[in-house]
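In what follows, a single structure is set out as structure tokens and then discussed.
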Amino acid sequence: MAENEELTGPVSQEDIEAAEKYKNEANECFKKQHYNNAIELYSKAIEKNPKNAIYYGNRSISNLKLENFGYALSDATKAICLDKTYIKAYYRRAAANMSLGKYKQALMDFQYVTKVRPNDKDAKLKYNECNKIVMKIAFEKAIAVEKKEVNIADSINLDSITIEDEYVGPSLEDGKVTLKFVTELMKFYENQKKLHKKYAYKILIDVKAYLQKQPSLVDIKVDDDKKFTVCGDIHGQYYDLMNIFKLNGLPSESNPYLFNGDFVDRGSFSVECIFTLFSFKLLYPDHFFMSRASRVSGSENGQLTITLETDTGSE
């Protein structure tokens with residue numbers, strides 16, 4: 001992505017037509033949710049015609065979809081510099097600033113959009129949402145006696161996160177993980193789509209709360225005539241994880257699992273792996289186990305004892 005596109009000098013009709021062709025191709029990629037391809041094509045359009053604000057605006061929304069908020073902010077600002085009447089650019093700059101925690105800057109843009117488009121319900125909703133956060137921050141600052149270190153999980157306000165109408169992925173039911181949610185999530189991830197951040201945050205918060213209540217060592221009793229599957233390192237290999245479940249069946253109360261550390265890194269799908277594992281942990285807390293390490297202490301009285309080191313003491 002070029003950072004300093006040349007804006008001086010005339011643009012030939014040939015370059016204008018070539019830029020429009022790239023833009024149209026990029027729009028098709030965007031519709032198919034191929035955002036990286038769309039960004040590449042919008043960048044080519046900008047190289048041909050760096051004076052068109054729409055190209056920057058479109059590249060901005062593509063970066064927002066990929067959560068590249070810094071790039072999205074830069075492109076939206078560039079679009080506004082080129083065309084101060086380009087309302088979508090203000091909206092996208094506001095969305096980027098809000099995602100970056102720059103709520104005051106976001107509020108100014110949302111306020112401008114609602115002023116220009118008083119009937120835009122979504123803009124009004126976002127303005128109200130952002131305004132509440134700004135007022136809350138101001139109130140907390142006013143009553144603060146001393147600065148305290150705040151855990152990131154404790155600072156997340158789930159109620160302030162809006163689920164967009166276009167989101168069609170799996171949803172928690174009453175804030176809880178269900179079997180339907182997990183099965184839909186796995187299919188969703190197989191198609192390389194992203195879980196909404198509101199649900200992702202909720203899962204992380206719930207897992208953190210659960211694990212903090214657990215002892216450092218957990219003993220599991222397994223009867224000799226019962227099935228218990230122990231899995232080694234998956235290292236972020238999501239499709240290997242799916243193959244394990246395909247061969248051995250999904251985790252359940254009658255099909256318990258233990259995953260032994262190294263859930264992420266190396267592979268390209270660490271996020272998908274950890275959220276799938278966390279979801280099963282929340283769904284079957286007494287039949288699905290995740291450990292930093294484990295040891296088998298032998299069979300006694302018809303039972304196999306496994307001791308898990310859960311590592312609940314650190315963030």
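Residue numbering restarts at 1 in every chain; chains get A, B, ... in the order shown in the structure tokens, and ligands count up from 1 in that same order.
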
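Every protein, DNA or RNA residue with an atom at most 10 Å from Met186 in chain A, where only C-alpha atoms count and chain neighbours fewer than 4 positions away do not, is listed here: Pro170, Phe181, Val182, Glu190, Asn191, Gln192, Lys193, Tyr238, Tyr239, Met242, Glu272, Cys273, Phe275 and Thr276 of chain A.
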
Find the spatial neighbours of Cys231 in chain A, counting only C-alpha atoms, within a cut-off of 10 Å - ignore same-chain residues fewer than 5 positions away - and output them as a list in words. Leu241, Ile244, Tyr257, Leu258, Phe259, Asn260, Gly261 and Met290 of chain A

Resulting file, chosen residues, all heavy atoms, as an mmCIF file, in the first residue's frame:
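out.cif, written as the output of this step:
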```
data_model
loop_
_atom_site.group_PDB
_atom_site.id
_atom_site.type_symbol
_atom_site.label_atom_id
_atom_site.label_comp_id
_atom_site.auth_asym_id
_atom_site.auth_seq_id
_atom_site.Cartn_x
_atom_site.Cartn_y
_atom_site.Cartn_z
ATOM 1 N N LEU A 241 -7.010 -29.825 13.900
ATOM 2 C CA LEU A 241 -7.962 -29.929 15.011
ATOM 3 C C LEU A 241 -9.303 -30.455 14.525
ATOM 4 O O LEU A 241 -9.913 -31.330 15.152
ATOM 5 C CB LEU A 241 -8.131 -28.557 15.674
ATOM 6 C CG LEU A 241 -9.167 -28.462 16.802
ATOM 7 C CD1 LEU A 241 -8.796 -29.377 17.956
ATOM 8 C CD2 LEU A 241 -9.301 -27.016 17.278
ATOM 9 N N ILE A 244 -9.093 -34.136 13.945
ATOM 10 C CA ILE A 244 -9.162 -34.895 15.204
ATOM 11 C C ILE A 244 -10.614 -35.137 15.597
ATOM 12 O O ILE A 244 -11.015 -36.251 15.942
ATOM 13 C CB ILE A 244 -8.413 -34.146 16.323
ATOM 14 C CG1 ILE A 244 -6.901 -34.163 16.074
ATOM 15 C CG2 ILE A 244 -8.726 -34.751 17.698
ATOM 16 C CD1 ILE A 244 -6.121 -33.271 17.010
ATOM 17 N N TYR A 257 -12.236 -34.929 26.460
ATOM 18 C CA TYR A 257 -10.943 -34.646 25.823
ATOM 19 C C TYR A 257 -10.020 -33.942 26.798
ATOM 20 O O TYR A 257 -10.454 -33.217 27.701
ATOM 21 C CB TYR A 257 -11.128 -33.707 24.628
ATOM 22 C CG TYR A 257 -11.462 -34.353 23.307
ATOM 23 C CD1 TYR A 257 -12.774 -34.716 22.999
ATOM 24 C CD2 TYR A 257 -10.479 -34.573 22.336
ATOM 25 C CE1 TYR A 257 -13.100 -35.276 21.767
ATOM 26 C CE2 TYR A 257 -10.791 -35.124 21.109
ATOM 27 C CZ TYR A 257 -12.095 -35.483 20.827
ATOM 28 O OH TYR A 257 -12.402 -36.032 19.605
ATOM 29 N N LEU A 258 -8.719 -34.139 26.562
ATOM 30 C CA LEU A 258 -7.680 -33.348 27.205
ATOM 31 C C LEU A 258 -6.715 -32.867 26.129
ATOM 32 O O LEU A 258 -6.187 -33.669 25.358
ATOM 33 C CB LEU A 258 -6.921 -34.187 28.243
ATOM 34 C CG LEU A 258 -5.542 -33.654 28.670
ATOM 35 C CD1 LEU A 258 -5.674 -32.296 29.339
ATOM 36 C CD2 LEU A 258 -4.844 -34.646 29.600
ATOM 37 N N PHE A 259 -6.504 -31.550 26.055
ATOM 38 C CA PHE A 259 -5.514 -30.986 25.141
ATOM 39 C C PHE A 259 -4.324 -30.511 25.963
ATOM 40 O O PHE A 259 -4.461 -29.732 26.909
ATOM 41 C CB PHE A 259 -6.122 -29.825 24.346
ATOM 42 C CG PHE A 259 -6.964 -30.282 23.191
ATOM 43 C CD1 PHE A 259 -8.297 -30.612 23.389
ATOM 44 C CD2 PHE A 259 -6.424 -30.415 21.921
ATOM 45 C CE1 PHE A 259 -9.085 -31.046 22.338
ATOM 46 C CE2 PHE A 259 -7.200 -30.851 20.863
ATOM 47 C CZ PHE A 259 -8.537 -31.171 21.070
ATOM 48 N N ASN A 260 -3.151 -30.987 25.571
ATOM 49 C CA ASN A 260 -1.930 -30.786 26.347
ATOM 50 C C ASN A 260 -1.096 -29.626 25.803
ATOM 51 O O ASN A 260 -0.202 -29.799 24.988
ATOM 52 C CB ASN A 260 -1.080 -32.055 26.325
ATOM 53 C CG ASN A 260 -1.243 -32.859 27.595
ATOM 54 O OD1 ASN A 260 -1.576 -32.317 28.631
ATOM 55 N ND2 ASN A 260 -1.025 -34.149 27.507
ATOM 56 N N GLY A 261 -1.410 -28.414 26.206
ATOM 57 C CA GLY A 261 -0.560 -27.266 25.911
ATOM 58 C C GLY A 261 -0.281 -27.010 24.447
ATOM 59 O O GLY A 261 -0.745 -27.707 23.551
ATOM 60 N N MET A 290 -7.961 -28.396 29.318
ATOM 61 C CA MET A 290 -6.817 -27.774 28.661
ATOM 62 C C MET A 290 -5.742 -27.577 29.719
ATOM 63 O O MET A 290 -6.005 -26.979 30.762
ATOM 64 C CB MET A 290 -7.218 -26.430 28.054
ATOM 65 C CG MET A 290 -8.338 -26.530 27.031
ATOM 66 S SD MET A 290 -8.982 -24.902 26.546
ATOM 67 C CE MET A 290 -7.529 -24.193 25.751
#
```

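Nearest residue to Val11 in chain A among A:Ser43, A:Ser99, A:Asn49, A:Asn27 is A:Asn49, counting only C-alpha atoms.
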
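As for CA of Asp109 in chain A and CA of Asp75 in chain A, they are spaced 14.7 Å apart.
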
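Nearest residue to Asp122 in chain A among A:Ser74, A:Ser279, A:Thr162, A:Thr229 is A:Thr162, counting only C-alpha atoms.
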
From the options A:Lys136, A:Lys51, A:Lys44, A:Lys208, which residue's atoms come nearest to Asn151 in chain A, counting only C-alpha atoms? A:Lys208

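The environment of Gln33 in chain A within 10 Å, counting only C-alpha atoms and disregarding residues fewer than 5 places along the same chain, consists of Asn27, Glu28, Ala38, Ser62, Lys65, Leu66 and Lys193 of chain A.
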
As a PyMOL selection string, which residues of range 134-296 of chain A does DSSP assign to strand (DSSP E or B)? chain A and resi 173+176+217-223+229-231+252+255+257-260+288-291+293-296

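Of the residues under consideration (A:Ala26, A:Ala200, A:Ala138, A:Ala76), A:Ala138 shows the shortest atom-to-atom contact distance to Lys104 in chain A when counting only C-alpha atoms.
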